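Raw contents of run_18.txt, compact mmCIF, C-alpha atoms and all ligand atoms:
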```txt
# COMPACT_ATOMS: atom_id res chain seq x y z
CA MET A 1 -60.23 71.59 -24.67
CA SER A 2 -58.40 73.53 -27.36
CA ILE A 3 -55.01 74.19 -25.69
CA PRO A 4 -52.32 71.52 -26.18
CA ILE A 5 -51.72 69.37 -23.09
CA ILE A 6 -49.43 66.50 -22.07
CA LEU A 7 -50.12 63.73 -19.56
CA GLY A 8 -47.04 63.08 -17.40
CA ILE A 9 -46.41 59.84 -15.52
CA GLU A 10 -43.74 59.51 -12.80
CA SER A 11 -42.99 56.16 -11.15
CA SER A 12 -39.20 55.99 -10.80
CA CYS A 13 -39.12 55.49 -7.05
CA ASP A 14 -41.79 55.53 -4.34
CA ASP A 15 -44.50 57.87 -5.63
CA THR A 16 -46.99 57.19 -8.40
CA SER A 17 -47.73 60.65 -9.73
CA VAL A 18 -49.71 61.66 -12.80
CA ALA A 19 -50.35 65.20 -14.05
CA VAL A 20 -51.89 67.12 -16.92
CA VAL A 21 -49.80 70.15 -17.92
CA THR A 22 -49.93 72.76 -20.68
CA ARG A 23 -46.95 73.87 -22.75
CA GLU A 24 -46.76 77.00 -20.60
CA GLY A 25 -46.39 74.90 -17.46
CA GLU A 26 -49.91 75.40 -16.16
CA VAL A 27 -50.76 72.38 -14.02
CA LEU A 28 -54.36 71.35 -14.71
CA SER A 29 -54.05 68.45 -12.29
CA CYS A 30 -51.39 66.51 -10.40
CA VAL A 31 -52.44 63.43 -8.46
CA THR A 32 -49.92 61.53 -6.35
CA ALA A 33 -50.30 58.17 -4.62
CA SER A 34 -47.68 58.22 -1.87
CA GLN A 35 -46.02 55.00 -0.70
CA VAL A 36 -44.73 56.35 2.63
CA GLU A 37 -46.90 53.89 4.58
CA VAL A 38 -45.58 50.95 2.51
CA HIS A 39 -41.89 51.68 3.17
CA LYS A 40 -42.00 53.26 6.64
CA ALA A 41 -41.35 49.99 8.44
CA TYR A 42 -38.14 49.43 6.43
CA GLY A 43 -36.62 52.89 6.93
CA GLY A 44 -36.20 53.31 3.15
CA VAL A 45 -37.65 52.26 -0.19
CA TYR A 46 -38.21 48.50 -0.58
CA PRO A 47 -37.98 48.11 -4.39
CA GLU A 48 -40.22 45.07 -4.90
CA LEU A 49 -42.98 46.51 -2.71
CA ALA A 50 -42.63 49.80 -4.59
CA SER A 51 -43.23 48.02 -7.93
CA ARG A 52 -46.34 46.28 -6.60
CA ALA A 53 -47.75 49.49 -5.13
CA HIS A 54 -47.22 51.24 -8.51
CA VAL A 55 -49.09 48.43 -10.29
CA ALA A 56 -52.02 48.84 -7.90
CA SER A 57 -52.23 52.63 -8.08
CA ILE A 58 -51.16 53.69 -11.56
CA ILE A 59 -54.43 53.32 -13.52
CA PRO A 60 -56.61 54.89 -10.80
CA THR A 61 -54.07 57.74 -10.59
CA VAL A 62 -54.20 58.32 -14.37
CA GLU A 63 -58.01 58.32 -14.24
CA ALA A 64 -58.08 60.76 -11.32
CA ALA A 65 -55.63 63.13 -13.04
CA MET A 66 -57.67 63.16 -16.27
CA GLU A 67 -60.90 63.68 -14.37
CA GLN A 68 -59.56 66.48 -12.14
CA ALA A 69 -58.14 68.28 -15.17
CA GLY A 70 -61.49 67.90 -16.95
CA VAL A 71 -59.83 66.52 -20.09
CA VAL A 72 -60.52 63.59 -22.39
CA VAL A 73 -58.17 61.40 -24.40
CA GLY A 74 -58.69 63.42 -27.58
CA ASP A 75 -57.21 66.48 -25.84
CA LEU A 76 -53.81 64.85 -25.27
CA GLN A 77 -50.87 65.78 -27.46
CA ALA A 78 -48.62 63.11 -25.89
CA ILE A 79 -47.93 60.99 -22.83
CA SER A 80 -44.56 61.60 -21.20
CA VAL A 81 -43.22 59.05 -18.77
CA THR A 82 -40.03 58.72 -16.72
CA ARG A 83 -37.60 56.26 -18.31
CA GLY A 84 -34.77 56.71 -15.77
CA PRO A 85 -32.80 57.05 -13.63
CA GLY A 86 -34.60 55.04 -10.99
CA LEU A 87 -35.56 51.58 -9.81
CA ILE A 88 -36.02 49.16 -12.70
CA GLY A 89 -39.30 47.61 -11.47
CA PRO A 90 -41.08 50.92 -10.79
CA LEU A 91 -39.77 52.34 -14.11
CA LEU A 92 -41.15 49.34 -16.01
CA VAL A 93 -44.59 49.81 -14.46
CA GLY A 94 -44.74 53.42 -15.65
CA LEU A 95 -43.27 52.73 -19.10
CA ASN A 96 -45.48 49.72 -19.81
CA THR A 97 -48.60 51.54 -18.64
CA ALA A 98 -47.74 54.53 -20.83
CA ALA A 99 -47.02 52.25 -23.80
CA GLY A 100 -50.39 50.51 -23.39
CA LEU A 101 -52.31 53.77 -23.03
CA GLY A 102 -50.48 55.31 -25.97
CA LEU A 103 -51.36 52.38 -28.19
CA ALA A 104 -54.99 52.28 -27.08
CA TRP A 105 -55.47 56.04 -27.35
CA GLY A 106 -53.36 56.63 -30.46
CA VAL A 107 -51.12 59.14 -28.66
CA PRO A 108 -47.29 59.30 -28.89
CA VAL A 109 -45.31 58.21 -25.82
CA ILE A 110 -42.16 60.12 -24.80
CA GLY A 111 -39.55 58.63 -22.44
CA VAL A 112 -38.28 61.44 -20.20
CA ASN A 113 -35.11 61.67 -18.10
CA HIS A 114 -36.33 62.15 -14.51
CA LEU A 115 -33.46 64.58 -13.78
CA ARG A 116 -34.53 66.76 -16.71
CA GLY A 117 -37.98 66.75 -15.15
CA HIS A 118 -36.52 68.18 -11.93
CA LEU A 119 -34.51 70.75 -13.92
CA ARG A 120 -37.72 72.04 -15.53
CA SER A 121 -39.78 72.00 -12.32
CA ALA A 122 -38.96 75.65 -11.54
CA ASP A 123 -41.12 76.63 -14.54
CA LEU A 124 -44.25 74.89 -13.22
CA VAL A 125 -47.32 77.13 -12.77
CA GLU A 126 -45.50 80.15 -14.20
CA ARG A 127 -42.35 80.76 -16.24
CA ARG A 128 -39.61 81.87 -13.89
CA VAL A 129 -36.27 80.77 -15.28
CA THR A 130 -34.17 83.17 -17.31
CA TYR A 131 -31.07 81.87 -19.08
CA PRO A 132 -28.22 81.27 -18.68
CA ALA A 133 -29.12 79.71 -15.33
CA LEU A 134 -27.12 78.02 -12.61
CA VAL A 135 -29.08 75.00 -11.38
CA LEU A 136 -28.49 73.11 -8.15
CA LEU A 137 -30.23 69.73 -8.21
CA VAL A 138 -30.63 68.27 -4.73
CA SER A 139 -32.69 65.08 -4.78
CA GLY A 140 -32.54 61.75 -2.98
CA GLY A 141 -30.19 60.27 -5.56
CA HIS A 142 -28.33 63.33 -6.90
CA THR A 143 -26.47 66.47 -5.87
CA GLN A 144 -25.32 68.28 -8.98
CA LEU A 145 -24.55 71.76 -10.24
CA VAL A 146 -25.32 72.45 -13.89
CA ARG A 147 -25.31 75.37 -16.23
CA MET A 148 -28.41 75.65 -18.42
CA ASP A 149 -28.20 77.87 -21.51
CA ASP A 150 -31.75 77.03 -22.48
CA ALA A 151 -34.25 74.36 -21.54
CA ARG A 152 -32.31 71.72 -23.48
CA THR A 153 -28.65 72.81 -23.30
CA ILE A 154 -27.04 71.53 -20.14
CA THR A 155 -23.42 71.48 -18.95
CA LEU A 156 -22.45 69.55 -15.82
CA LEU A 157 -20.31 71.69 -13.48
CA GLY A 158 -20.10 69.60 -10.32
CA SER A 159 -21.44 66.46 -8.70
CA THR A 160 -21.26 64.53 -5.45
CA ARG A 161 -18.42 62.06 -5.15
CA ASP A 162 -20.33 59.85 -2.72
CA ASP A 163 -23.71 60.39 -1.02
CA SER A 164 -26.25 62.93 -2.17
CA VAL A 165 -27.38 65.55 0.32
CA GLY A 166 -30.89 64.02 0.34
CA GLU A 167 -29.38 60.65 1.21
CA ALA A 168 -27.49 62.30 4.08
CA TYR A 169 -30.77 63.81 5.35
CA ASP A 170 -32.44 60.40 5.17
CA LYS A 171 -29.57 58.56 6.89
CA VAL A 172 -29.19 61.17 9.64
CA GLY A 173 -32.98 61.12 10.05
CA ARG A 174 -32.77 57.38 10.62
CA MET A 175 -29.93 57.79 13.14
CA LEU A 176 -32.03 60.29 15.08
CA GLY A 177 -35.02 57.92 15.02
CA LEU A 178 -37.10 60.25 12.86
CA GLY A 179 -38.30 57.58 10.43
CA TYR A 180 -38.62 57.79 6.67
CA PRO A 181 -38.33 60.09 4.77
CA GLY A 182 -35.82 61.99 6.91
CA GLY A 183 -35.75 65.35 5.11
CA PRO A 184 -38.97 67.01 6.25
CA ALA A 185 -38.62 65.60 9.80
CA ILE A 186 -35.05 66.98 10.13
CA ASP A 187 -36.22 70.39 8.90
CA ARG A 188 -38.94 70.55 11.53
CA LEU A 189 -36.64 69.42 14.34
CA ALA A 190 -33.80 71.72 13.24
CA LYS A 191 -36.04 74.77 13.66
CA THR A 192 -36.26 74.08 17.39
CA GLY A 193 -32.51 73.60 17.93
CA VAL A 194 -29.28 75.60 17.99
CA ALA A 195 -26.49 74.88 15.48
CA ARG A 196 -23.77 74.61 18.13
CA ILE A 197 -21.95 71.46 16.97
CA ALA A 198 -19.19 72.14 14.45
CA PHE A 199 -19.82 69.31 12.00
CA PRO A 200 -17.39 69.14 9.05
CA ARG A 201 -18.13 70.92 5.74
CA PRO A 202 -16.56 68.39 3.33
CA MET A 203 -14.85 69.77 0.20
CA MET A 204 -16.20 73.25 0.90
CA ARG A 205 -13.00 75.19 0.31
CA GLU A 206 -12.51 74.44 -3.33
CA GLY A 207 -14.11 73.20 -6.51
CA LEU A 208 -17.72 72.50 -7.45
CA ASP A 209 -17.91 68.83 -6.45
CA PHE A 210 -19.57 67.69 -3.25
CA SER A 211 -19.12 64.97 -0.63
CA PHE A 212 -21.62 64.21 2.11
CA SER A 213 -20.68 60.80 3.46
CA GLY A 214 -18.10 62.24 5.92
CA LEU A 215 -20.70 64.59 7.37
CA LYS A 216 -23.07 61.68 7.89
CA THR A 217 -20.28 59.71 9.63
CA ALA A 218 -19.48 62.75 11.81
CA VAL A 219 -23.09 62.74 13.04
CA ALA A 220 -22.82 58.99 13.78
CA ILE A 221 -19.56 59.52 15.72
CA HIS A 222 -21.11 62.40 17.66
CA LEU A 223 -24.04 60.16 18.62
CA GLU A 224 -21.58 57.67 20.15
CA SER A 225 -19.72 60.35 22.14
CA LYS A 226 -20.14 61.01 25.85
CA ASP A 227 -21.56 64.53 25.62
CA VAL A 228 -24.15 63.86 23.01
CA ALA A 229 -26.26 66.95 22.33
CA GLY A 230 -30.05 67.04 22.15
CA LYS A 231 -31.59 65.81 18.88
CA GLU A 232 -32.79 69.28 17.95
CA ASP A 233 -29.27 70.72 18.22
CA ILE A 234 -27.84 67.83 16.20
CA ALA A 235 -30.47 68.39 13.50
CA ALA A 236 -29.85 72.16 13.47
CA SER A 237 -26.06 71.65 13.27
CA PHE A 238 -26.41 69.07 10.49
CA VAL A 239 -28.69 71.36 8.45
CA ALA A 240 -26.30 74.29 8.98
CA ALA A 241 -23.38 72.22 7.65
CA CYS A 242 -25.37 71.09 4.58
CA LEU A 243 -26.56 74.60 3.77
CA ASP A 244 -23.10 76.07 4.26
CA VAL A 245 -21.69 73.67 1.66
CA LEU A 246 -24.58 74.02 -0.82
CA ILE A 247 -24.71 77.82 -0.68
CA THR A 248 -20.91 78.22 -0.82
CA LYS A 249 -20.72 76.01 -3.93
CA CYS A 250 -23.59 77.86 -5.61
CA GLY A 251 -21.84 81.16 -4.88
CA ARG A 252 -18.61 79.82 -6.37
CA ALA A 253 -20.35 78.48 -9.46
CA LEU A 254 -22.08 81.85 -9.99
CA GLU A 255 -18.62 83.41 -10.27
CA THR A 256 -17.73 81.17 -13.23
CA PHE A 257 -20.26 82.62 -15.71
CA ASP A 258 -22.73 85.42 -16.09
CA ALA A 259 -25.86 83.69 -14.81
CA LYS A 260 -29.20 85.46 -14.89
CA SER A 261 -30.89 83.11 -12.46
CA LEU A 262 -30.19 80.65 -9.67
CA VAL A 263 -32.48 77.62 -9.83
CA ILE A 264 -32.71 75.07 -7.01
CA VAL A 265 -34.69 71.87 -7.65
CA GLY A 266 -35.16 68.33 -6.29
CA GLY A 267 -36.67 67.05 -3.03
CA VAL A 268 -34.30 68.96 -0.73
CA ALA A 269 -35.43 72.19 -2.45
CA ALA A 270 -38.62 71.73 -0.41
CA SER A 271 -36.56 72.64 2.68
CA PRO A 272 -37.63 76.05 4.03
CA GLN A 273 -34.11 76.58 5.42
CA LEU A 274 -32.53 76.01 2.00
CA ARG A 275 -35.10 78.25 0.31
CA GLU A 276 -34.33 81.02 2.77
CA ALA A 277 -30.54 80.65 2.47
CA ALA A 278 -30.84 80.71 -1.32
CA THR A 279 -32.80 83.96 -1.17
CA GLY A 280 -29.87 85.61 0.60
CA LEU A 281 -27.35 84.31 -1.92
CA ALA A 282 -29.43 85.38 -4.95
CA GLU A 283 -29.80 88.89 -3.54
CA LYS A 284 -26.08 89.13 -2.89
CA ALA A 285 -25.16 87.81 -6.34
CA GLY A 286 -27.78 89.94 -8.13
CA VAL A 287 -29.54 87.01 -9.85
CA GLU A 288 -33.17 85.91 -9.95
CA LEU A 289 -34.00 83.04 -7.58
CA CYS A 290 -36.23 80.45 -9.26
CA LEU A 291 -37.65 77.67 -7.11
CA PRO A 292 -40.32 75.11 -7.95
CA PRO A 293 -43.57 75.43 -5.99
CA GLN A 294 -42.69 73.69 -2.71
CA LYS A 295 -45.07 70.76 -3.23
CA TRP A 296 -43.50 70.03 -6.62
CA ALA A 297 -39.87 70.05 -5.47
CA THR A 298 -40.23 66.35 -4.62
CA ASP A 299 -41.02 63.79 -7.34
CA ASN A 300 -44.18 64.51 -9.30
CA GLY A 301 -45.82 63.89 -12.66
CA ALA A 302 -46.15 67.60 -13.47
CA MET A 303 -42.41 68.09 -14.00
CA ILE A 304 -42.30 65.00 -16.24
CA ALA A 305 -45.17 66.39 -18.32
CA LEU A 306 -43.50 69.81 -18.62
CA ALA A 307 -40.16 68.26 -19.65
CA GLY A 308 -42.07 66.25 -22.25
CA TRP A 309 -42.61 69.40 -24.30
CA ASP A 310 -38.82 69.82 -24.72
CA TYR A 311 -38.67 66.33 -26.19
CA LEU A 312 -41.61 66.79 -28.57
CA ASP A 313 -39.60 69.39 -30.48
CA LEU A 314 -36.59 67.10 -30.99
CA ASP A 315 -35.87 65.63 -34.42
CA SER A 316 -35.46 62.05 -33.20
CA VAL A 317 -38.16 59.95 -31.53
CA PRO A 318 -37.47 59.90 -27.76
CA SER A 319 -36.64 56.43 -26.40
CA THR A 320 -39.05 54.62 -24.11
CA ARG A 321 -36.51 52.02 -23.02
CA PRO A 322 -35.99 51.87 -19.25
CA GLN A 323 -32.62 53.35 -18.19
CA PRO A 324 -31.95 52.92 -14.45
CA ARG A 325 -28.62 54.78 -14.77
CA LEU A 326 -29.33 57.81 -16.94
CA SER A 327 -27.11 60.90 -16.43
CA ILE A 328 -28.32 64.50 -16.24
CA VAL A 329 -26.83 65.43 -19.62
CA ASP A 330 -28.66 62.58 -21.42
CA PHE A 331 -32.06 63.05 -22.98
O1 LIG B 401 -36.46 64.56 -5.72
P1 LIG B 401 -36.94 63.56 -4.73
O2 LIG B 401 -38.40 63.58 -4.35
O3 LIG B 401 -36.62 62.10 -5.20
C1 LIG B 401 -35.49 61.75 -5.94
O4 LIG B 401 -35.49 61.99 -7.17
O5 LIG B 401 -34.55 61.24 -5.30
O6 LIG B 401 -36.03 63.76 -3.44
C2 LIG B 401 -36.20 63.00 -2.28
C3 LIG B 401 -35.26 63.53 -1.22
C4 LIG B 401 -35.20 62.67 0.02
O7 LIG B 401 -33.85 62.46 0.36
C5 LIG B 401 -35.93 63.51 1.07
O8 LIG B 401 -35.47 63.30 2.38
C6 LIG B 401 -35.61 64.92 0.60
O9 LIG B 401 -35.68 64.84 -0.82
N1 LIG B 401 -36.60 65.89 1.07
C7 LIG B 401 -36.28 66.93 1.87
C8 LIG B 401 -37.50 67.59 2.13
N2 LIG B 401 -38.50 66.95 1.48
C9 LIG B 401 -37.92 65.91 0.82
N3 LIG B 401 -35.11 67.32 2.38
C10 LIG B 401 -35.10 68.40 3.16
N4 LIG B 401 -36.21 69.09 3.47
C11 LIG B 401 -37.43 68.72 2.99
N5 LIG B 401 -38.52 69.40 3.32
ZN ZN B 402 -36.60 62.95 -8.16
```
File written out as structure tokens:
Amino acid sequence: MSIPIILGIESSCDDTSVAVVTREGEVLSCVTASQVEVHKAYGGVYPELASRAHVASIIPTVEAAMEQAGVVVGDLQAISVTRGPGLIGPLLVGLNTAAGLGLAWGVPVIGVNHLRGHLRSADLVERRVTYPALVLLVSGGHTQLVRMDDARTITLLGSTRDDSVGEAYDKVGRMLGLGYPGGPAIDRLAKTGVARIAFPRPMMREGLDFSFSGLKTAVAIHLESKDVAGKEDIAASFVAACLDVLITKCGRALETFDAKSLVIVGGVAASPQLREAATGLAEKAGVELCLPPQKWATDNGAMIALAGWDYLDLDSVPSTRPQPRLSIVDF
């Protein structure tokens, strides 16, 4: 193969995902070993079991990704691998595997910030993002608004003060007995309900920060009340409250600078309701809406591979030390 390609490895949480991606963001393969079955019984990610499942699946996943892409070791420009934020055990599995492969294959290894992977995911398959861009990151661990002036210049505008919106989806999903992960199950249920319960919209009236723990508590209190609504109406009302907050904050942030595009990334960006609401806002604000392909909104190796290209051009050698607490503005 003559075009430059990067192998991306993601193992920061509960998915082992490996992809082969070109500099232009073309995804030649992306193979993911899901751990949903491992963690289902616990209602959330069980870190030690996650580490062991990564150990078992990582080499077969690398082999499958290389084979599906039809590439050989000599084709690789680099291996990029998530170095944080995430669970220390799962991160170590990915980083050590990448280090071993890099040494054996004679290929450089780049430690990538998982959040930067999400930020770049809207350029997978085809280039969409035009700068400056307003980016809303809504993952399981983060809810943040950032301004991106180019692929590597990031300014943090707002962040959650407590739970992330994804966490709220997962916790409310658990309260409604929908199992793990809660996000997709809540989306499906919400479509069949009516948003008739006026759940709070925390911190919606001002600023660019978020708070979701009060909304989660409001759902818990409602579930203990005498006139508890049907699960579908609770799900629909919860989703309506989340979207109201997210879209209002995006609209407010768009007023603070002359953005060309609105980018929404992270697991919750897989939500059809959020994608639809964002379409309305982008039209109203006159900006391009750039979303990752739905299947690559959640964690995947392709976004880590694509972000790897941004690091290759840096002057300093990117660190491959594990960093469970990396921030979005860090490399
Ligand atoms: O980005 P991600 O895969 O992992 C982290 O980096 O945290 O995000 C996972 C989060 C979970 O909270 C999950 O419930 C949520 O994304 N999620 C969704 C959907 N798919 C995943 N939330 C709403 N609708 C979905 N379809
Ligand atoms: Zn993620």
Atom CA of Cys242 of chain A to atom CA of Arg128 of chain A, distance in Å rounded to a single decimal: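 Distance reported for this atom pair: 25.7 Å.
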Contacts with ligand ZN 402 (chain B) at most 9 Å, all atoms listed in the file counted, listed as a VMD selection string: chain A and resid 12 to 13 85 to 86 114 to 115 117 to 118 138 to 142 266 to 267 297 to 300
Point (-21.7, 71.0, -3.4), cut-off 9 Å, counting all atoms listed in the file, residues as JSON, numbers by chain: {"A": [136, 143, 144, 145, 158, 159, 160, 165, 202, 203, 204, 207, 208, 209, 210, 211, 212, 242, 245, 246, 247, 248, 249, 250]}
One-decimal distance in Å that lies between atom CA of Thr130 of chain A and atom CA of Val263 of chain A: 9.5 Å
Neighbour list for Leu28 of chain A as a ChimeraX atom specification, cut-off 7 Å, all atoms listed in the file, skip fewer than 4 positions in-chain: /A:20-21,69
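Atom pair atom CA of Asn96 of chain A / atom CA of Val31 of chain A: separated by 19.1 Å.
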